[in-house]
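Engineer: Before I ask anything, let me first share the structure, which is written out below as structure tokens.
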Amino acid sequence: MSESLNVIVIFAHPDEGEKYAGGTSALLARRGHRVKFLSLTNGDGGHFRLSGEELVLRRAEEALKAQAALGIANYEILDNRDGSLLPTLGLRNAIIKRIREWEADVVITFHPEGGAHADNRYAGKAVSDAAAFVAFVPNVVPDTRYLRKSPLYLLMPDYSMKKKYSADIVVGIDEALESKLLGCGAHESQFFEYQPWTKGRLDEVPAVWKDRREWLLRDLSDFLHVSKEMTPALVELYGELEAGRFQYAEPFELASYNSGSTVGRVRVFIEKLTEEVIV
């Protein structure tokens with residue numbers, strides 16, 4: 001891996017990178033690493049009132065605000081319809097192209113067998129299918145230079161997972177909590193409109209950020225608070241004393257389709273995450 005890591009987070013809908021890997025992404029960005037978010041759909045299904053181009057534009061605007069909040073380098077949204085994602089050859093090649101263009105050292109995505117939500121599951125499946133062709137296969141997607149090293153592939157859990165999740169790497173994100181909350185909060189159409197509407201709670205959504213922040217903390221509690229499942233990996237990464245100081249964390253599973261030994265790549269990833277902030 002290079003001195004500065006290139007990390008790409010690939011997910012199904014605008015707002016999921018923020019929800020499941022926003023703290024880790026903000027930490028990496030603060031330490032001078034290049035992070036790209038890639039949404040495989042445009043999110044045009046995610047509202048009860050807005051639709052079509054109006055919603056697509058709204059969600060793209062929110063993504064740019066989230067990018068600024070997290071401090072990441074790039075946020076790209078592919079023009080695939082929400083609810084229509086399939087692990088096609090075209091999608092696989094689009095993913096190969098973007099991983100190569102970003103010269104990714106680390107790829108963070110969904111589990112290919114995990115989510116009950118088809119878009120999320122197929123996002124993970126498409127990335128797992130792409131992984132074998134990203135490095136050392138110049139004749140696949142030949143218009144984009146192939147990588148000469150395989151990235152480290154990490155999997156983030158999502159709300160719809162039905163399988164047991166393995167927290168292999170757990171990142172303490174207290175330092176980046178505010179950035180994560182602001183990144184999620186930038187997606188007003190989702191966290192403060194569509195999702196509350198689906199739960200019959202739209203009339204309860206607060207108007208000011210101070211109260212919205214508390215709303216998000218409660219809404220994201222299952223994905224934020226250090227759990228007993230996270231503790232062993234957190235202690236392994238930070239040591240028992242330091243690990244005990246964390247309230248908030250993000251877990252990641254090592255993808256089974258990683259090429260070769262992951263020990264060295266994991267070590268570098270952890271070193272980069274825990275180094276001093278670059279001023």
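Here, A, B, ... name the chains of the structure tokens in the order displayed, residue numbers run from 1 inside each chain, and ligands are numbered from 1 in the same displayed order.
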Taking the DSSP secondary structure from the backbone, can you list the residues of region 18-208 of chain A that are strand (DSSP E), as a list in words?

Structural biologist: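 Result set for region 18-208 of chain A (strand (DSSP E)): Arg34, Val35, Lys36, Phe37, Leu38, Ser39, Asn74, Tyr75, Glu76, Ile77, Val106, Val107, Ile108, Thr109, Phe110, Leu152, Tyr153, Leu154, Leu155, Met156, Ile169, Val170, Val171 and Gly172 of chain A.
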
Engineer: I'd like the neighbourhood of Leu147 (chain A) as an mmCIF file with C-alpha atoms, in the first residue's frame, where a residue qualifies if any of its atoms comes within 12 Å (using only C-alpha atoms), though same-chain residues fewer than 4 positions away should be ignored.

Structural biologist:
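Result file is around03.cif:
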```cif
data_model
loop_
_atom_site.group_PDB
_atom_site.id
_atom_site.type_symbol
_atom_site.label_atom_id
_atom_site.label_comp_id
_atom_site.auth_asym_id
_atom_site.auth_seq_id
_atom_site.Cartn_x
_atom_site.Cartn_y
_atom_site.Cartn_z
ATOM 1 C CA MET A 1 0.000 0.000 0.000
ATOM 2 C CA ILE A 96 -14.047 -2.785 -11.867
ATOM 3 C CA LYS A 97 -13.486 0.469 -13.730
ATOM 4 C CA ARG A 98 -14.050 2.653 -10.662
ATOM 5 C CA ILE A 99 -11.962 0.542 -8.293
ATOM 6 C CA ARG A 100 -9.108 0.689 -10.807
ATOM 7 C CA GLU A 101 -9.501 4.408 -11.504
ATOM 8 C CA TRP A 102 -9.363 5.117 -7.770
ATOM 9 C CA GLU A 103 -6.312 2.821 -7.481
ATOM 10 C CA ALA A 104 -7.995 1.431 -4.412
ATOM 11 C CA ASP A 105 -6.004 -0.034 -1.553
ATOM 12 C CA ALA A 131 -12.918 -8.535 -7.184
ATOM 13 C CA ALA A 132 -11.308 -11.330 -9.229
ATOM 14 C CA PHE A 133 -10.772 -9.042 -12.233
ATOM 15 C CA VAL A 134 -9.562 -5.799 -10.621
ATOM 16 C CA ALA A 135 -5.865 -6.766 -10.462
ATOM 17 C CA PHE A 136 -3.641 -8.534 -13.017
ATOM 18 C CA VAL A 137 -6.385 -9.101 -15.602
ATOM 19 C CA PRO A 138 -5.609 -6.526 -18.314
ATOM 20 C CA VAL A 140 -11.090 -7.398 -18.778
ATOM 21 C CA VAL A 141 -12.252 -3.759 -18.984
ATOM 22 C CA PRO A 142 -9.111 -3.088 -21.058
ATOM 23 C CA PRO A 151 -7.221 -4.320 -2.593
#
```

Engineer: What lies within 9 Å of Ser128 (chain A) using only C-alpha atoms, ignoring chain neighbours under 5 positions off, as an NGL selection string?

Structural biologist: :A and (92 or 111-112 or 123 or 153 or 255 or 257)

Engineer: Those same residues - N, CA, C and O atoms - I'd like them written as a PDB file, in the first residue's frame.

Structural biologist:
```
ATOM      1  N   ARG A  92     -20.891  -5.061 -13.038  1.00  0.00           N
ATOM      2  CA  ARG A  92     -19.581  -5.561 -12.610  1.00  0.00           C
ATOM      3  C   ARG A  92     -18.460  -4.765 -13.261  1.00  0.00           C
ATOM      4  O   ARG A  92     -17.503  -4.338 -12.593  1.00  0.00           O
ATOM      5  N   HIS A 111     -22.215  -7.206   2.253  1.00  0.00           N
ATOM      6  CA  HIS A 111     -22.010  -8.647   2.180  1.00  0.00           C
ATOM      7  C   HIS A 111     -22.796  -9.215   0.994  1.00  0.00           C
ATOM      8  O   HIS A 111     -23.975  -8.904   0.828  1.00  0.00           O
ATOM      9  N   PRO A 112     -22.181 -10.061   0.167  1.00  0.00           N
ATOM     10  CA  PRO A 112     -22.883 -10.581  -1.017  1.00  0.00           C
ATOM     11  C   PRO A 112     -24.018 -11.551  -0.686  1.00  0.00           C
ATOM     12  O   PRO A 112     -24.855 -11.831  -1.543  1.00  0.00           O
ATOM     13  N   ALA A 123     -25.593  -5.342  -4.532  1.00  0.00           N
ATOM     14  CA  ALA A 123     -24.410  -4.475  -4.516  1.00  0.00           C
ATOM     15  C   ALA A 123     -23.206  -5.262  -4.024  1.00  0.00           C
ATOM     16  O   ALA A 123     -22.126  -5.240  -4.630  1.00  0.00           O
ATOM     17  N   TYR A 153     -10.562  -6.138   0.903  1.00  0.00           N
ATOM     18  CA  TYR A 153     -12.020  -6.020   0.835  1.00  0.00           C
ATOM     19  C   TYR A 153     -12.622  -6.216   2.227  1.00  0.00           C
ATOM     20  O   TYR A 153     -12.395  -7.249   2.878  1.00  0.00           O
ATOM     21  N   ALA A 255     -13.769  -9.895   3.918  1.00  0.00           N
ATOM     22  CA  ALA A 255     -14.474 -10.627   2.869  1.00  0.00           C
ATOM     23  C   ALA A 255     -13.783 -11.950   2.600  1.00  0.00           C
ATOM     24  O   ALA A 255     -12.548 -12.022   2.530  1.00  0.00           O
ATOM     25  N   TYR A 257     -13.621 -13.438  -0.104  1.00  0.00           N
ATOM     26  CA  TYR A 257     -13.037 -13.454  -1.441  1.00  0.00           C
ATOM     27  C   TYR A 257     -11.763 -12.624  -1.543  1.00  0.00           C
ATOM     28  O   TYR A 257     -11.255 -12.397  -2.644  1.00  0.00           O
TER      29      TYR A 257
END
```

Engineer: Write out as a PDB file with C-alpha atoms, in the first residue's frame the set of residues from region 13-244 of chain A that DSSP, computed on the backbone, places in helix (DSSP H, G or I).

Structural biologist:
```
ATOM      1  CA  GLU A  16     -25.599   4.090   3.241  1.00  0.00           C
ATOM      2  CA  GLY A  17     -21.878   4.836   3.181  1.00  0.00           C
ATOM      3  CA  GLU A  18     -22.514   7.512   5.786  1.00  0.00           C
ATOM      4  CA  LYS A  19     -24.687   5.247   7.923  1.00  0.00           C
ATOM      5  CA  TYR A  20     -22.381   2.227   8.059  1.00  0.00           C
ATOM      6  CA  ALA A  21     -18.877   3.571   7.374  1.00  0.00           C
ATOM      7  CA  GLY A  22     -19.140   7.349   7.811  1.00  0.00           C
ATOM      8  CA  GLY A  23     -17.046   7.528  10.962  1.00  0.00           C
ATOM      9  CA  THR A  24     -14.239   5.403   9.567  1.00  0.00           C
ATOM     10  CA  SER A  25     -14.295   7.389   6.319  1.00  0.00           C
ATOM     11  CA  ALA A  26     -14.072  10.695   8.189  1.00  0.00           C
ATOM     12  CA  LEU A  27     -11.161   9.381  10.298  1.00  0.00           C
ATOM     13  CA  LEU A  28      -9.286   8.330   7.168  1.00  0.00           C
ATOM     14  CA  ALA A  29      -9.940  11.666   5.476  1.00  0.00           C
ATOM     15  CA  ARG A  30      -8.663  13.545   8.541  1.00  0.00           C
ATOM     16  CA  GLY A  52     -38.389  10.991 -10.621  1.00  0.00           C
ATOM     17  CA  GLU A  53     -35.792  13.592 -11.519  1.00  0.00           C
ATOM     18  CA  GLU A  54     -36.795  15.855  -8.637  1.00  0.00           C
ATOM     19  CA  LEU A  55     -35.874  13.190  -6.097  1.00  0.00           C
ATOM     20  CA  VAL A  56     -32.709  12.157  -7.968  1.00  0.00           C
ATOM     21  CA  LEU A  57     -31.460  15.757  -7.919  1.00  0.00           C
ATOM     22  CA  ARG A  58     -32.414  16.192  -4.273  1.00  0.00           C
ATOM     23  CA  ARG A  59     -30.474  13.114  -3.248  1.00  0.00           C
ATOM     24  CA  ALA A  60     -27.445  14.139  -5.320  1.00  0.00           C
ATOM     25  CA  GLU A  61     -27.427  17.530  -3.583  1.00  0.00           C
ATOM     26  CA  GLU A  62     -27.633  15.828  -0.199  1.00  0.00           C
ATOM     27  CA  ALA A  63     -24.722  13.564  -1.140  1.00  0.00           C
ATOM     28  CA  LEU A  64     -22.538  16.594  -1.884  1.00  0.00           C
ATOM     29  CA  LYS A  65     -23.381  18.047   1.527  1.00  0.00           C
ATOM     30  CA  ALA A  66     -22.525  14.727   3.144  1.00  0.00           C
ATOM     31  CA  GLN A  67     -19.226  14.628   1.256  1.00  0.00           C
ATOM     32  CA  ALA A  68     -18.313  18.022   2.697  1.00  0.00           C
ATOM     33  CA  ALA A  69     -19.356  16.993   6.207  1.00  0.00           C
ATOM     34  CA  LEU A  70     -17.189  13.866   6.130  1.00  0.00           C
ATOM     35  CA  LEU A  89     -21.956  -7.874 -16.343  1.00  0.00           C
ATOM     36  CA  GLY A  90     -22.440  -4.173 -17.037  1.00  0.00           C
ATOM     37  CA  LEU A  91     -22.579  -3.333 -13.330  1.00  0.00           C
ATOM     38  CA  ARG A  92     -19.581  -5.561 -12.610  1.00  0.00           C
ATOM     39  CA  ASN A  93     -17.508  -3.798 -15.269  1.00  0.00           C
ATOM     40  CA  ALA A  94     -18.563  -0.372 -13.981  1.00  0.00           C
ATOM     41  CA  ILE A  95     -17.334  -1.382 -10.522  1.00  0.00           C
ATOM     42  CA  ILE A  96     -14.047  -2.785 -11.867  1.00  0.00           C
ATOM     43  CA  LYS A  97     -13.486   0.469 -13.730  1.00  0.00           C
ATOM     44  CA  ARG A  98     -14.050   2.653 -10.662  1.00  0.00           C
ATOM     45  CA  ILE A  99     -11.962   0.542  -8.293  1.00  0.00           C
ATOM     46  CA  ARG A 100      -9.108   0.689 -10.807  1.00  0.00           C
ATOM     47  CA  GLU A 101      -9.501   4.408 -11.504  1.00  0.00           C
ATOM     48  CA  ALA A 118     -32.169  -6.970  -2.833  1.00  0.00           C
ATOM     49  CA  ASP A 119     -30.308  -3.794  -3.845  1.00  0.00           C
ATOM     50  CA  ASN A 120     -27.926  -4.115  -0.895  1.00  0.00           C
ATOM     51  CA  ARG A 121     -27.379  -7.825  -1.437  1.00  0.00           C
ATOM     52  CA  TYR A 122     -26.772  -7.392  -5.151  1.00  0.00           C
ATOM     53  CA  ALA A 123     -24.410  -4.475  -4.516  1.00  0.00           C
ATOM     54  CA  GLY A 124     -22.311  -6.818  -2.382  1.00  0.00           C
ATOM     55  CA  LYS A 125     -22.612  -9.582  -4.970  1.00  0.00           C
ATOM     56  CA  ALA A 126     -21.532  -7.311  -7.831  1.00  0.00           C
ATOM     57  CA  VAL A 127     -18.432  -6.188  -5.905  1.00  0.00           C
ATOM     58  CA  SER A 128     -17.544  -9.781  -4.981  1.00  0.00           C
ATOM     59  CA  ASP A 129     -17.843 -10.759  -8.662  1.00  0.00           C
ATOM     60  CA  ALA A 130     -15.685  -7.797  -9.695  1.00  0.00           C
ATOM     61  CA  ALA A 131     -12.918  -8.535  -7.184  1.00  0.00           C
ATOM     62  CA  ALA A 132     -11.308 -11.330  -9.229  1.00  0.00           C
ATOM     63  CA  PHE A 133     -10.772  -9.042 -12.233  1.00  0.00           C
ATOM     64  CA  VAL A 134      -9.562  -5.799 -10.621  1.00  0.00           C
ATOM     65  CA  ASP A 174     -15.803   8.847  18.894  1.00  0.00           C
ATOM     66  CA  GLU A 175     -13.373  11.356  17.375  1.00  0.00           C
ATOM     67  CA  ALA A 176     -15.432  11.448  14.164  1.00  0.00           C
ATOM     68  CA  LEU A 177     -18.928  11.086  15.629  1.00  0.00           C
ATOM     69  CA  GLU A 178     -19.986  14.632  14.778  1.00  0.00           C
ATOM     70  CA  SER A 179     -18.821  14.263  11.190  1.00  0.00           C
ATOM     71  CA  LYS A 180     -20.759  11.012  10.850  1.00  0.00           C
ATOM     72  CA  LEU A 181     -23.929  12.568  12.284  1.00  0.00           C
ATOM     73  CA  LEU A 182     -23.607  15.605  10.023  1.00  0.00           C
ATOM     74  CA  GLY A 183     -23.011  13.313   7.051  1.00  0.00           C
ATOM     75  CA  CYS A 184     -26.165  11.348   7.814  1.00  0.00           C
ATOM     76  CA  GLY A 185     -28.100  14.502   8.646  1.00  0.00           C
ATOM     77  CA  GLU A 188     -32.713  15.081   5.101  1.00  0.00           C
ATOM     78  CA  SER A 189     -34.970  13.340   2.590  1.00  0.00           C
ATOM     79  CA  GLN A 190     -34.061  10.008   4.202  1.00  0.00           C
ATOM     80  CA  PHE A 191     -33.378  10.452   7.907  1.00  0.00           C
ATOM     81  CA  PHE A 192     -35.889  13.202   8.584  1.00  0.00           C
ATOM     82  CA  GLU A 193     -38.568  12.528   5.970  1.00  0.00           C
ATOM     83  CA  TYR A 194     -38.811   9.102   4.318  1.00  0.00           C
ATOM     84  CA  GLN A 195     -37.637   6.851   7.159  1.00  0.00           C
ATOM     85  CA  PRO A 196     -39.794   8.573   9.832  1.00  0.00           C
ATOM     86  CA  TRP A 197     -42.744   8.410   7.418  1.00  0.00           C
ATOM     87  CA  THR A 198     -42.340   4.633   7.035  1.00  0.00           C
ATOM     88  CA  LEU A 202     -43.122  12.050  10.535  1.00  0.00           C
ATOM     89  CA  ASP A 203     -44.896  14.500  12.840  1.00  0.00           C
ATOM     90  CA  GLU A 204     -42.290  13.826  15.576  1.00  0.00           C
ATOM     91  CA  TRP A 209     -30.150  20.528  14.450  1.00  0.00           C
ATOM     92  CA  LYS A 210     -29.569  20.158  18.211  1.00  0.00           C
ATOM     93  CA  ASP A 211     -32.702  18.022  18.498  1.00  0.00           C
ATOM     94  CA  ARG A 212     -32.160  16.343  15.138  1.00  0.00           C
ATOM     95  CA  ARG A 213     -28.726  15.265  16.347  1.00  0.00           C
ATOM     96  CA  GLU A 214     -30.315  13.475  19.298  1.00  0.00           C
ATOM     97  CA  TRP A 215     -32.887  11.946  16.936  1.00  0.00           C
ATOM     98  CA  LEU A 216     -30.078  10.539  14.796  1.00  0.00           C
ATOM     99  CA  LEU A 217     -28.226   9.176  17.826  1.00  0.00           C
ATOM    100  CA  ARG A 218     -31.331   7.232  18.809  1.00  0.00           C
ATOM    101  CA  ASP A 219     -32.131   6.168  15.236  1.00  0.00           C
ATOM    102  CA  SER A 221     -28.039   3.391  18.018  1.00  0.00           C
ATOM    103  CA  ASP A 222     -27.844  -0.168  16.664  1.00  0.00           C
ATOM    104  CA  PHE A 223     -24.990   0.879  14.365  1.00  0.00           C
ATOM    105  CA  LEU A 224     -23.160   3.252  16.678  1.00  0.00           C
ATOM    106  CA  THR A 231     -15.472  -5.596  22.074  1.00  0.00           C
ATOM    107  CA  PRO A 232     -12.909  -8.369  21.317  1.00  0.00           C
ATOM    108  CA  ALA A 233     -11.816  -6.800  18.021  1.00  0.00           C
ATOM    109  CA  LEU A 234     -11.841  -3.316  19.570  1.00  0.00           C
ATOM    110  CA  VAL A 235      -9.535  -4.493  22.368  1.00  0.00           C
ATOM    111  CA  GLU A 236      -7.262  -6.243  19.856  1.00  0.00           C
ATOM    112  CA  LEU A 237      -6.919  -3.041  17.840  1.00  0.00           C
ATOM    113  CA  TYR A 238      -6.569  -0.434  20.605  1.00  0.00           C
ATOM    114  CA  GLU A 240      -7.981  -2.881  26.708  1.00  0.00           C
ATOM    115  CA  LEU A 241      -7.515   0.534  28.334  1.00  0.00           C
ATOM    116  CA  GLU A 242      -8.012   2.580  25.162  1.00  0.00           C
ATOM    117  CA  ALA A 243     -10.836   0.368  23.896  1.00  0.00           C
TER     118      ALA A 243
END
```

Engineer: Please list as a ChimeraX atom specification every residue within 8 Å of His225 (chain A), counting only C-alpha atoms and excluding residues in the same chain fewer than 4 positions away.

Structural biologist: /A:221,247-249

Engineer: Generate a file of the selected residues that holds all heavy atoms, formatted as a PDB file, in the first residue's frame.

Structural biologist:
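The result, stored in part.pdb:
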```pdb
ATOM      1  N   SER A 221     -28.647   4.002  16.836  1.00  0.00           N
ATOM      2  CA  SER A 221     -28.039   3.391  18.018  1.00  0.00           C
ATOM      3  C   SER A 221     -27.539   1.979  17.760  1.00  0.00           C
ATOM      4  O   SER A 221     -26.491   1.570  18.273  1.00  0.00           O
ATOM      5  CB  SER A 221     -29.029   3.390  19.188  1.00  0.00           C
ATOM      6  OG  SER A 221     -30.199   2.654  18.863  1.00  0.00           O
ATOM      7  N   GLN A 247     -17.229   4.854  23.089  1.00  0.00           N
ATOM      8  CA  GLN A 247     -18.672   4.623  23.150  1.00  0.00           C
ATOM      9  C   GLN A 247     -19.231   4.210  21.794  1.00  0.00           C
ATOM     10  O   GLN A 247     -20.214   3.492  21.719  1.00  0.00           O
ATOM     11  CB  GLN A 247     -19.409   5.897  23.597  1.00  0.00           C
ATOM     12  CG  GLN A 247     -19.244   6.276  25.041  1.00  0.00           C
ATOM     13  CD  GLN A 247     -20.089   7.499  25.361  1.00  0.00           C
ATOM     14  OE1 GLN A 247     -19.631   8.640  25.228  1.00  0.00           O
ATOM     15  NE2 GLN A 247     -21.325   7.275  25.757  1.00  0.00           N
ATOM     16  N   TYR A 248     -18.568   4.682  20.726  1.00  0.00           N
ATOM     17  CA  TYR A 248     -19.101   4.512  19.382  1.00  0.00           C
ATOM     18  C   TYR A 248     -18.074   3.821  18.489  1.00  0.00           C
ATOM     19  O   TYR A 248     -16.870   4.090  18.582  1.00  0.00           O
ATOM     20  CB  TYR A 248     -19.490   5.873  18.791  1.00  0.00           C
ATOM     21  CG  TYR A 248     -20.400   6.665  19.689  1.00  0.00           C
ATOM     22  CD1 TYR A 248     -19.904   7.712  20.467  1.00  0.00           C
ATOM     23  CD2 TYR A 248     -21.749   6.362  19.775  1.00  0.00           C
ATOM     24  CE1 TYR A 248     -20.738   8.434  21.297  1.00  0.00           C
ATOM     25  CE2 TYR A 248     -22.591   7.078  20.610  1.00  0.00           C
ATOM     26  CZ  TYR A 248     -22.079   8.119  21.372  1.00  0.00           C
ATOM     27  OH  TYR A 248     -22.912   8.819  22.204  1.00  0.00           O
ATOM     28  N   ALA A 249     -18.556   2.942  17.623  1.00  0.00           N
ATOM     29  CA  ALA A 249     -17.640   2.184  16.766  1.00  0.00           C
ATOM     30  C   ALA A 249     -18.368   1.707  15.514  1.00  0.00           C
ATOM     31  O   ALA A 249     -19.592   1.691  15.447  1.00  0.00           O
ATOM     32  CB  ALA A 249     -17.069   0.990  17.528  1.00  0.00           C
TER      33      ALA A 249
END
```

Engineer: Determine, counting only C-alpha atoms, which protein, DNA and RNA residues have an atom within 12 Å of an atom of Phe269 (chain A); residues of the same chain fewer than 2 positions away are not included. Present the result as an MDAnalysis selection string.

Structural biologist: chainID A and resid 1:7 24 27:28 31 33 105:108 151:154 169:171 237 262:267 271:275

Engineer: Could you write out the selected residues, including N, CA, C and O atoms, as a compact mmCIF listing (two decimals), in the first residue's frame?

Structural biologist:
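Okay, selection.txt is ready:
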```
# COMPACT_ATOMS: atom_id res chain seq x y z
N MET A 1 0.83 -1.19 0.00
CA MET A 1 0.00 0.00 0.00
C MET A 1 0.87 1.26 0.00
O MET A 1 1.98 1.25 0.51
N SER A 2 0.36 2.31 -0.56
CA SER A 2 1.10 3.56 -0.64
C SER A 2 1.06 4.28 0.70
O SER A 2 0.36 3.90 1.62
N GLU A 3 1.84 5.37 0.80
CA GLU A 3 1.84 6.18 2.02
C GLU A 3 0.43 6.67 2.33
O GLU A 3 -0.02 6.64 3.46
N SER A 4 -0.25 7.15 1.31
CA SER A 4 -1.63 7.60 1.48
C SER A 4 -2.55 6.53 0.91
O SER A 4 -2.40 6.09 -0.23
N LEU A 5 -3.51 6.08 1.72
CA LEU A 5 -4.44 5.05 1.27
C LEU A 5 -5.50 5.62 0.34
O LEU A 5 -5.97 6.75 0.53
N ASN A 6 -5.88 4.83 -0.64
CA ASN A 6 -7.03 5.13 -1.49
C ASN A 6 -8.13 4.14 -1.11
O ASN A 6 -7.95 2.92 -1.27
N VAL A 7 -9.24 4.66 -0.62
CA VAL A 7 -10.33 3.82 -0.11
C VAL A 7 -11.60 4.14 -0.89
O VAL A 7 -11.93 5.31 -1.08
N THR A 24 -15.53 5.90 10.05
CA THR A 24 -14.24 5.40 9.57
C THR A 24 -13.75 6.23 8.39
O THR A 24 -12.56 6.57 8.30
N LEU A 27 -12.47 9.55 9.65
CA LEU A 27 -11.16 9.38 10.30
C LEU A 27 -10.05 9.27 9.26
O LEU A 27 -8.99 9.89 9.40
N LEU A 28 -10.28 8.48 8.22
CA LEU A 28 -9.29 8.33 7.17
C LEU A 28 -9.02 9.65 6.47
O LEU A 28 -7.87 10.01 6.20
N ARG A 31 -6.85 11.98 8.30
CA ARG A 31 -5.45 11.56 8.33
C ARG A 31 -4.80 11.63 6.95
O ARG A 31 -3.72 11.07 6.74
N HIS A 33 -5.97 10.58 3.89
CA HIS A 33 -6.21 9.52 2.93
C HIS A 33 -7.38 9.87 2.01
O HIS A 33 -8.28 10.63 2.39
N ASP A 105 -6.69 0.85 -2.48
CA ASP A 105 -6.00 -0.03 -1.55
C ASP A 105 -7.01 -0.82 -0.72
O ASP A 105 -6.73 -1.94 -0.30
N VAL A 106 -8.16 -0.19 -0.44
CA VAL A 106 -9.20 -0.79 0.39
C VAL A 106 -10.55 -0.57 -0.28
O VAL A 106 -10.84 0.55 -0.74
N VAL A 107 -11.36 -1.62 -0.32
CA VAL A 107 -12.73 -1.53 -0.81
C VAL A 107 -13.66 -1.95 0.34
O VAL A 107 -13.50 -3.03 0.91
N ILE A 108 -14.61 -1.10 0.67
CA ILE A 108 -15.59 -1.38 1.72
C ILE A 108 -16.96 -1.48 1.06
O ILE A 108 -17.36 -0.58 0.32
N PRO A 151 -6.82 -5.08 -3.78
CA PRO A 151 -7.22 -4.32 -2.59
C PRO A 151 -7.62 -5.24 -1.43
O PRO A 151 -7.87 -6.44 -1.62
N LEU A 152 -7.68 -4.66 -0.26
CA LEU A 152 -8.27 -5.31 0.90
C LEU A 152 -9.78 -5.07 0.85
O LEU A 152 -10.22 -3.93 0.75
N TYR A 153 -10.56 -6.14 0.90
CA TYR A 153 -12.02 -6.02 0.84
C TYR A 153 -12.62 -6.22 2.23
O TYR A 153 -12.40 -7.25 2.88
N LEU A 154 -13.36 -5.21 2.67
CA LEU A 154 -14.02 -5.24 3.97
C LEU A 154 -15.54 -5.13 3.77
O LEU A 154 -15.99 -4.41 2.86
N ILE A 169 -12.76 -6.44 12.28
CA ILE A 169 -12.08 -5.16 12.54
C ILE A 169 -13.13 -4.20 13.07
O ILE A 169 -14.19 -4.02 12.45
N VAL A 170 -12.87 -3.59 14.21
CA VAL A 170 -13.82 -2.64 14.78
C VAL A 170 -13.09 -1.32 15.03
O VAL A 170 -12.07 -1.28 15.72
N VAL A 171 -13.60 -0.26 14.44
CA VAL A 171 -12.96 1.05 14.48
C VAL A 171 -13.70 1.95 15.46
O VAL A 171 -14.91 2.19 15.31
N LEU A 237 -7.43 -4.16 18.62
CA LEU A 237 -6.92 -3.04 17.84
C LEU A 237 -6.30 -1.95 18.72
O LEU A 237 -5.22 -1.44 18.41
N THR A 262 -4.35 -11.65 4.08
CA THR A 262 -4.78 -10.28 4.35
C THR A 262 -4.00 -9.65 5.50
O THR A 262 -4.20 -8.47 5.79
N VAL A 263 -3.11 -10.40 6.12
CA VAL A 263 -2.47 -9.94 7.35
C VAL A 263 -1.75 -8.61 7.14
O VAL A 263 -1.95 -7.64 7.90
N GLY A 264 -0.91 -8.52 6.12
CA GLY A 264 -0.17 -7.28 5.88
C GLY A 264 -1.06 -6.12 5.53
O GLY A 264 -0.86 -5.00 6.02
N ARG A 265 -2.06 -6.36 4.69
CA ARG A 265 -2.97 -5.28 4.28
C ARG A 265 -3.80 -4.78 5.45
O ARG A 265 -4.04 -3.57 5.58
N VAL A 266 -4.24 -5.69 6.31
CA VAL A 266 -5.00 -5.29 7.50
C VAL A 266 -4.12 -4.47 8.43
O VAL A 266 -4.54 -3.44 8.98
N ARG A 267 -2.87 -4.90 8.61
CA ARG A 267 -1.96 -4.19 9.50
C ARG A 267 -1.75 -2.75 9.04
O ARG A 267 -1.80 -1.81 9.85
N GLU A 271 -2.82 0.68 10.96
CA GLU A 271 -1.79 1.69 11.25
C GLU A 271 -2.21 3.06 10.74
O GLU A 271 -2.04 4.08 11.42
N LYS A 272 -2.77 3.09 9.54
CA LYS A 272 -3.18 4.37 8.96
C LYS A 272 -4.36 4.98 9.73
O LYS A 272 -4.46 6.19 9.86
N LEU A 273 -5.25 4.13 10.23
CA LEU A 273 -6.41 4.61 10.98
C LEU A 273 -6.03 5.19 12.34
O LEU A 273 -6.69 6.10 12.83
N THR A 274 -4.98 4.63 12.93
CA THR A 274 -4.65 5.01 14.30
C THR A 274 -3.46 5.97 14.40
O THR A 274 -3.07 6.34 15.51
N GLU A 275 -2.92 6.40 13.27
CA GLU A 275 -1.81 7.33 13.31
C GLU A 275 -2.29 8.72 13.71
O GLU A 275 -3.49 9.01 13.71
```

Engineer: Give me, as a ChimeraX atom specification, all polymer residues having an atom no more than 6 Å from Ile8 (chain A), counting only C-alpha atoms and skipping those fewer than 5 positions away in the same chain.

Structural biologist: /A:35-37,107

Engineer: Output the selection as a CSV table (one decimal), in the first residue's frame - all heavy atoms for each residue.

Structural biologist:
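Dumped to out-v9.csv:
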```csv
chain,number,residue,atom,x,y,z
A,35,VAL,N,-10.7,9.1,0.1
A,35,VAL,CA,-11.9,8.3,0.3
A,35,VAL,C,-12.9,8.7,-0.8
A,35,VAL,O,-13.2,9.9,-0.9
A,35,VAL,CB,-12.5,8.4,1.7
A,35,VAL,CG1,-13.7,7.5,1.8
A,35,VAL,CG2,-11.5,8.1,2.8
A,36,LYS,N,-13.4,7.7,-1.5
A,36,LYS,CA,-14.5,7.9,-2.5
A,36,LYS,C,-15.7,7.1,-2.0
A,36,LYS,O,-15.6,5.9,-1.6
A,36,LYS,CB,-14.0,7.4,-3.8
A,36,LYS,CG,-15.1,7.4,-4.9
A,36,LYS,CD,-14.6,6.8,-6.2
A,36,LYS,CE,-15.7,6.7,-7.3
A,36,LYS,NZ,-15.9,8.0,-8.0
A,37,PHE,N,-16.9,7.7,-2.1
A,37,PHE,CA,-18.2,7.0,-2.0
A,37,PHE,C,-18.8,6.7,-3.3
A,37,PHE,O,-18.8,7.6,-4.2
A,37,PHE,CB,-19.2,7.8,-1.1
A,37,PHE,CG,-19.0,7.7,0.4
A,37,PHE,CD1,-17.9,7.1,0.9
A,37,PHE,CD2,-20.0,8.2,1.2
A,37,PHE,CE1,-17.7,7.0,2.3
A,37,PHE,CE2,-19.9,8.0,2.6
A,37,PHE,CZ,-18.7,7.5,3.1
A,107,VAL,N,-11.4,-1.6,-0.3
A,107,VAL,CA,-12.7,-1.5,-0.8
A,107,VAL,C,-13.7,-2.0,0.3
A,107,VAL,O,-13.5,-3.0,0.9
A,107,VAL,CB,-13.0,-2.5,-2.0
A,107,VAL,CG1,-14.4,-2.4,-2.5
A,107,VAL,CG2,-12.0,-2.1,-3.2
```

Engineer: Could you jot down the CA of Ser51 (chain A) to CA of Asp15 (chain A) separation for me, Å, one decimal place?

Structural biologist: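 Going from CA of Ser51 (chain A) over to CA of Asp15 (chain A) covers 17.0 Å.
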